[in-house]
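*Asks:* Take a look at this one; I'll ask things after.
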Amino acid sequence: MELEIKVKGITKRWFYSIFLIMLGVVAAIVAVSLLLIRAYYYNAARSKAAELTKSFTMLSSATTPEGYYSLSRDYAEQFEHKDKIEVQIIDKNGLVIVTTSGFDPIQTHMPDYVLAKSSASGEGSWQGKSTTGEKIMAGTTLLADYGNGIGGAVRWVVSLRPVDRQIFFLSIAIISVGIIIIVFALISGLYFVRSIVRPISEVSNSARKIAMGDFNTTLQVKGKNEISELCDTINYMASELKKAEEIKNDFISSVSHELRTPLTAIRGWGETAKMTLDETDDELVHKGLDVILGETERLSGLVEELLDFSRMQTGRLTLQQQNIDLCRILNDAVSMYVELAKQQKLELIYAEPRVEHIIYGDPNRLKQVFINIIDNAVKYTEAGGQILIEHTLEEGCVIIKITDTGVGIPEADIDHVKEKFYKANKTVRGSGIGLAMADEIIKQHNGLLFIESTEGVGTTVSVALPIIEDISEE
């Protein structure tokens, strides 16, 4: 039976970087544990055997060889642990003379006795197989020589079969625990990896759909973790892209309308002027040409606004800055709307400053800002309404406030009106980039642009710019 594991990506990295290392660690722990257990049980058997035969060292007190032999038989007969260990009494010639087993002594190979004879401690141990093939452990302790010429030794022999059986069962238990740990780690690890891989696959698929323009795609992940936070971020991104797509479409629609209206007027008046050439209606021709020129200028302004926006987006919007009188710039912008305000029956209130407010800035760009703000005030204020333009000085800044009594901005839109392409009121002409441009220009002058509005009451746009000096006219 072949087991084929197909791994890739995160699963592959987990398998090679974590699981195999853990498998090696567990295997090493199991192997060391088995070695330690074997060493412990063997040492315990050796110590226990030495302890049980300790009383036989009293044989060295015999005074004659005959007494040594007689005393050895007595000790062997009185030994209580014959079922656990065999004790052999050895004479000075290395011959076994008495055993606790009750059988006649058989001369066997005794490596432990040889080791004891050559050891400074007079002790030696050995493990191997007996003549019958049984695995045994043996140990020899030389008896003390008190000058009586005995020079014997005590040798113990134990079977390792019970010890090995115990070690075997413990080894099986430890190996089983190790296998359980590995299996548990494998199952839990795969479950954990899949709990990451599956959401990531869903995120990848959803991101692919979003990239293809399906902004209604949403991700649902249970729990509160990094994956769910990523899904929330992607959902937020999708909603923002959807809004941006809607704003872009509205922008294209608005710009198309803005372009179509003057083009229609230009075409219509061009055809009218052409048809009146034979009738020599000079007044009508002049009127048509005025409309054509006005709409052409309007188109030129729209195109320039789009170009400026493109420059702002790419960071190529430059300023030609110098010391200028901000009041003069404001006067020029206001004068452009005096007649238009009268035509639309709006009250335009503006008190021309009697002082100069010198700032460091680009006169054309700042004029563009004021024109945009005043134009919005005129567009969104109905007949009979009022537009108030005033200026004040506060903490080294000149504050220009343009307040109208127009339709106002809904509370939900007030935080977005300075965003590119955003239009709170889609029924009024405009590209939706004027305030975004104005805000960027003011920021580049180290100033601030504020908008306060109440729906149905009106709007106040404030522009704050740092001044260089304030010179009063005498």
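Residues in the structure tokens are named by chain (A, B, ... in the order shown) and by number from 1 within that chain; ligands are numbered from 1 in the order shown.
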DSSP says strand (DSSP E) for which residues of segment 324-421 of chain A? Put them as a PyMOL selection string?
*Replies:* chain A and resi 324-325+347-350+355-361+386-394+397-404
*Asks:* Just want the 8 Å neighbourhood of Ser60 of chain A, counted on only C-alpha atoms, with same-chain residues fewer than 4 positions away dropped. Output as a list in words.
*Replies:*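 Surrounding residues, per the criterion: Tyr68, Leu143, Ala144, Asp145, Tyr146, Ile150, Gly151 and Gly152 of chain A.
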*Asks:* Do you know which residues are at most 7 Å from segment 435-452 of chain A counting only C-alpha atoms, after dropping those on the same chain fewer than 3 positions away, and could you put them as a ChimeraX atom specification?
*Replies:* /A:309,361,365,369,418-420,459-466
*Asks:* Which residues of segment 327-346 of chain A sit at most 9 Å from segment 389-409 of chain A, using only C-alpha atoms? Give each one's shortest atom pair and distance in Å (one decimal place), in chain and ascending residue order, as a tab-separated table.
*Replies:*
```
residue	atom	partner	partner_atom	distance
A:Cys327	CA	A:His391	CA	8.9
A:Leu330	CA	A:Ile400	CA	8.8
A:Val334	CA	A:Ile389	CA	8.7
```
*Asks:* With C-alpha atoms retained, write the just-selected residues as a compact mmCIF listing (two decimals), in the first residue's frame.
*Replies:*
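Everything below was put into part-v3.txt:
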```
# COMPACT_ATOMS: atom_id res chain seq x y z
CA CYS A 327 -7.72 90.83 -1.51
CA LEU A 330 -10.59 87.90 -4.34
CA VAL A 334 -16.02 88.38 -7.18
```
*Asks:* Residues near Leu190 of chain A, anyone? I mean within 12 Å using only C-alpha atoms, not counting same-chain ones fewer than 2 positions away, as a ChimeraX atom specification.
*Replies:* /A:5,7,10-15,18-19,182-188,192-198
*Asks:* For the atom pair atom CA of Ala341 of chain A and atom CA of Val378 of chain A, what is the interatomic distance in Å to one decimal place?
*Replies:*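 Spanning atom CA of Ala341 of chain A to atom CA of Val378 of chain A is a straight-line distance of 6.9 Å.
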*Asks:* How far is it from atom CA of Tyr69 of chain A to atom CA of Asp83 of chain A, in Å with one decimal?
*Replies:* 22.7 Å
*Asks:* Enumerate the residues of segment 33-262 of chain A with a DSSP assignment of alpha helix (DSSP H), computed from the backbone, and present them as a PyMOL selection string.
*Replies:* chain A and resi 33-52+65-78+111-118+161-211+226-262
*Asks:* Only C-alpha atoms, please: the residues just picked out, written as a short mmCIF file (atom, residue, chain, number, x, y, z; two decimals), in the first residue's frame.
*Replies:*
```cif
data_model
loop_
_atom_site.label_atom_id
_atom_site.label_comp_id
_atom_site.auth_asym_id
_atom_site.auth_seq_id
_atom_site.Cartn_x
_atom_site.Cartn_y
_atom_site.Cartn_z
CA SER A 33 13.42 7.44 26.51
CA LEU A 34 13.82 3.79 25.43
CA LEU A 35 17.56 3.94 26.03
CA LEU A 36 17.08 5.53 29.44
CA ILE A 37 14.44 2.98 30.43
CA ARG A 38 16.68 0.09 29.39
CA ALA A 39 19.63 1.54 31.25
CA TYR A 40 17.45 2.21 34.31
CA TYR A 41 16.03 -1.33 34.50
CA TYR A 42 19.39 -2.97 33.86
CA ASN A 43 21.06 -0.82 36.52
CA ALA A 44 18.16 -1.53 38.88
CA ALA A 45 18.56 -5.27 38.29
CA ARG A 46 22.30 -5.04 38.87
CA SER A 47 21.88 -3.01 42.07
CA LYS A 48 19.16 -5.28 43.39
CA ALA A 49 21.27 -8.39 42.75
CA ALA A 50 24.25 -6.82 44.46
CA GLU A 51 22.07 -5.88 47.42
CA LEU A 52 20.58 -9.37 47.78
CA PRO A 65 39.05 -23.79 53.44
CA GLU A 66 36.89 -26.46 55.05
CA GLY A 67 35.12 -23.86 57.16
CA TYR A 68 34.67 -21.71 54.01
CA TYR A 69 33.00 -24.57 52.18
CA SER A 70 30.75 -25.46 55.15
CA LEU A 71 29.76 -21.86 55.71
CA SER A 72 29.04 -21.42 51.97
CA ARG A 73 26.62 -24.36 52.03
CA ASP A 74 24.83 -22.90 55.05
CA TYR A 75 24.46 -19.50 53.37
CA ALA A 76 23.23 -21.09 50.16
CA GLU A 77 20.61 -23.15 51.95
CA GLN A 78 19.35 -20.19 53.99
CA PRO A 111 33.71 -12.97 32.13
CA ASP A 112 32.49 -11.02 35.17
CA TYR A 113 34.85 -13.04 37.41
CA VAL A 114 37.76 -12.23 35.11
CA LEU A 115 36.82 -8.54 35.21
CA ALA A 116 36.59 -8.60 39.00
CA LYS A 117 40.06 -10.20 39.27
CA SER A 118 41.53 -7.39 37.18
CA ARG A 161 13.86 -12.23 30.46
CA PRO A 162 11.49 -10.62 33.04
CA VAL A 163 13.40 -7.34 32.83
CA ASP A 164 13.27 -7.32 29.02
CA ARG A 165 9.56 -8.16 29.15
CA GLN A 166 8.93 -5.15 31.36
CA ILE A 167 11.09 -2.97 29.13
CA PHE A 168 9.17 -4.25 26.10
CA PHE A 169 5.78 -3.30 27.50
CA LEU A 170 7.04 0.14 28.54
CA SER A 171 8.61 0.61 25.12
CA ILE A 172 5.32 -0.27 23.43
CA ALA A 173 3.55 2.25 25.67
CA ILE A 174 6.06 5.02 24.92
CA ILE A 175 6.07 4.33 21.18
CA SER A 176 2.26 4.32 21.22
CA VAL A 177 2.24 7.68 22.99
CA GLY A 178 4.70 9.01 20.41
CA ILE A 179 2.53 7.74 17.54
CA ILE A 180 -0.56 9.27 19.15
CA ILE A 181 1.25 12.60 19.48
CA ILE A 182 2.34 12.47 15.82
CA VAL A 183 -1.13 11.53 14.59
CA PHE A 184 -2.74 14.20 16.74
CA ALA A 185 -0.22 16.78 15.52
CA LEU A 186 -0.81 15.72 11.91
CA ILE A 187 -4.59 15.89 12.17
CA SER A 188 -4.66 19.14 14.18
CA GLY A 189 -1.97 20.67 11.96
CA LEU A 190 -3.82 19.80 8.76
CA TYR A 191 -7.04 21.13 10.26
CA PHE A 192 -5.27 24.34 11.27
CA VAL A 193 -3.60 24.70 7.87
CA ARG A 194 -6.89 24.09 6.09
CA SER A 195 -8.56 26.66 8.32
CA ILE A 196 -6.07 29.12 6.85
CA VAL A 197 -5.81 27.79 3.30
CA ARG A 198 -9.54 27.60 2.65
CA PRO A 199 -10.26 31.23 3.64
CA ILE A 200 -7.20 32.33 1.68
CA SER A 201 -8.51 30.46 -1.37
CA GLU A 202 -11.86 32.18 -0.92
CA VAL A 203 -10.07 35.51 -0.55
CA SER A 204 -8.07 34.80 -3.71
CA ASN A 205 -11.20 33.89 -5.68
CA SER A 206 -13.10 36.92 -4.38
CA ALA A 207 -10.16 39.22 -5.11
CA ARG A 208 -10.07 37.83 -8.64
CA LYS A 209 -13.79 38.60 -9.04
CA ILE A 210 -13.27 42.10 -7.67
CA ALA A 211 -10.38 42.62 -10.09
CA GLU A 226 -6.24 37.96 11.16
CA ILE A 227 -8.09 36.19 8.33
CA SER A 228 -11.41 37.77 9.29
CA GLU A 229 -9.70 41.17 9.51
CA LEU A 230 -8.27 40.61 6.03
CA CYS A 231 -11.76 39.69 4.76
CA ASP A 232 -13.21 42.80 6.38
CA THR A 233 -10.52 44.88 4.68
CA ILE A 234 -11.26 43.28 1.30
CA ASN A 235 -15.00 43.81 1.81
CA TYR A 236 -14.29 47.44 2.65
CA MET A 237 -12.06 47.71 -0.40
CA ALA A 238 -14.78 46.24 -2.60
CA SER A 239 -17.37 48.68 -1.23
CA GLU A 240 -15.00 51.61 -1.76
CA LEU A 241 -14.22 50.43 -5.30
CA LYS A 242 -17.95 50.13 -5.94
CA LYS A 243 -18.45 53.68 -4.72
CA ALA A 244 -15.50 54.85 -6.81
CA GLU A 245 -16.97 53.06 -9.84
CA GLU A 246 -20.32 54.73 -9.29
CA ILE A 247 -18.65 58.11 -8.81
CA LYS A 248 -16.57 57.55 -11.93
CA ASN A 249 -19.67 56.71 -13.94
CA ASP A 250 -21.43 59.77 -12.56
CA PHE A 251 -18.36 61.84 -13.42
CA ILE A 252 -18.31 60.54 -16.99
CA SER A 253 -22.03 61.24 -17.28
CA SER A 254 -21.59 64.75 -15.86
CA VAL A 255 -18.63 65.55 -18.08
CA SER A 256 -20.46 64.16 -21.10
CA HIS A 257 -23.42 66.42 -20.28
CA GLU A 258 -21.09 69.34 -19.70
CA LEU A 259 -19.50 68.77 -23.08
CA ARG A 260 -22.75 68.04 -24.92
CA THR A 261 -24.52 71.24 -23.84
CA PRO A 262 -21.97 73.74 -25.23
#
```
*Asks:* Set the distance at 7 Å and use only C-alpha atoms: which residues neighbour Glu347 of chain A once local chain neighbours fewer than 2 positions away are removed? I'd like the list as a PyMOL selection string.
*Replies:* chain A and resi 341+345+349+385-387
*Asks:* Show me, as a list in words, the residues that have an atom within 8 Å of Trp126 of chain A when counting only C-alpha atoms, minus same-chain residues fewer than 2 positions from it.
*Replies:* Pro111, Asp112, Gly124, Gly128, Met137, Ala138 and Gly139 of chain A
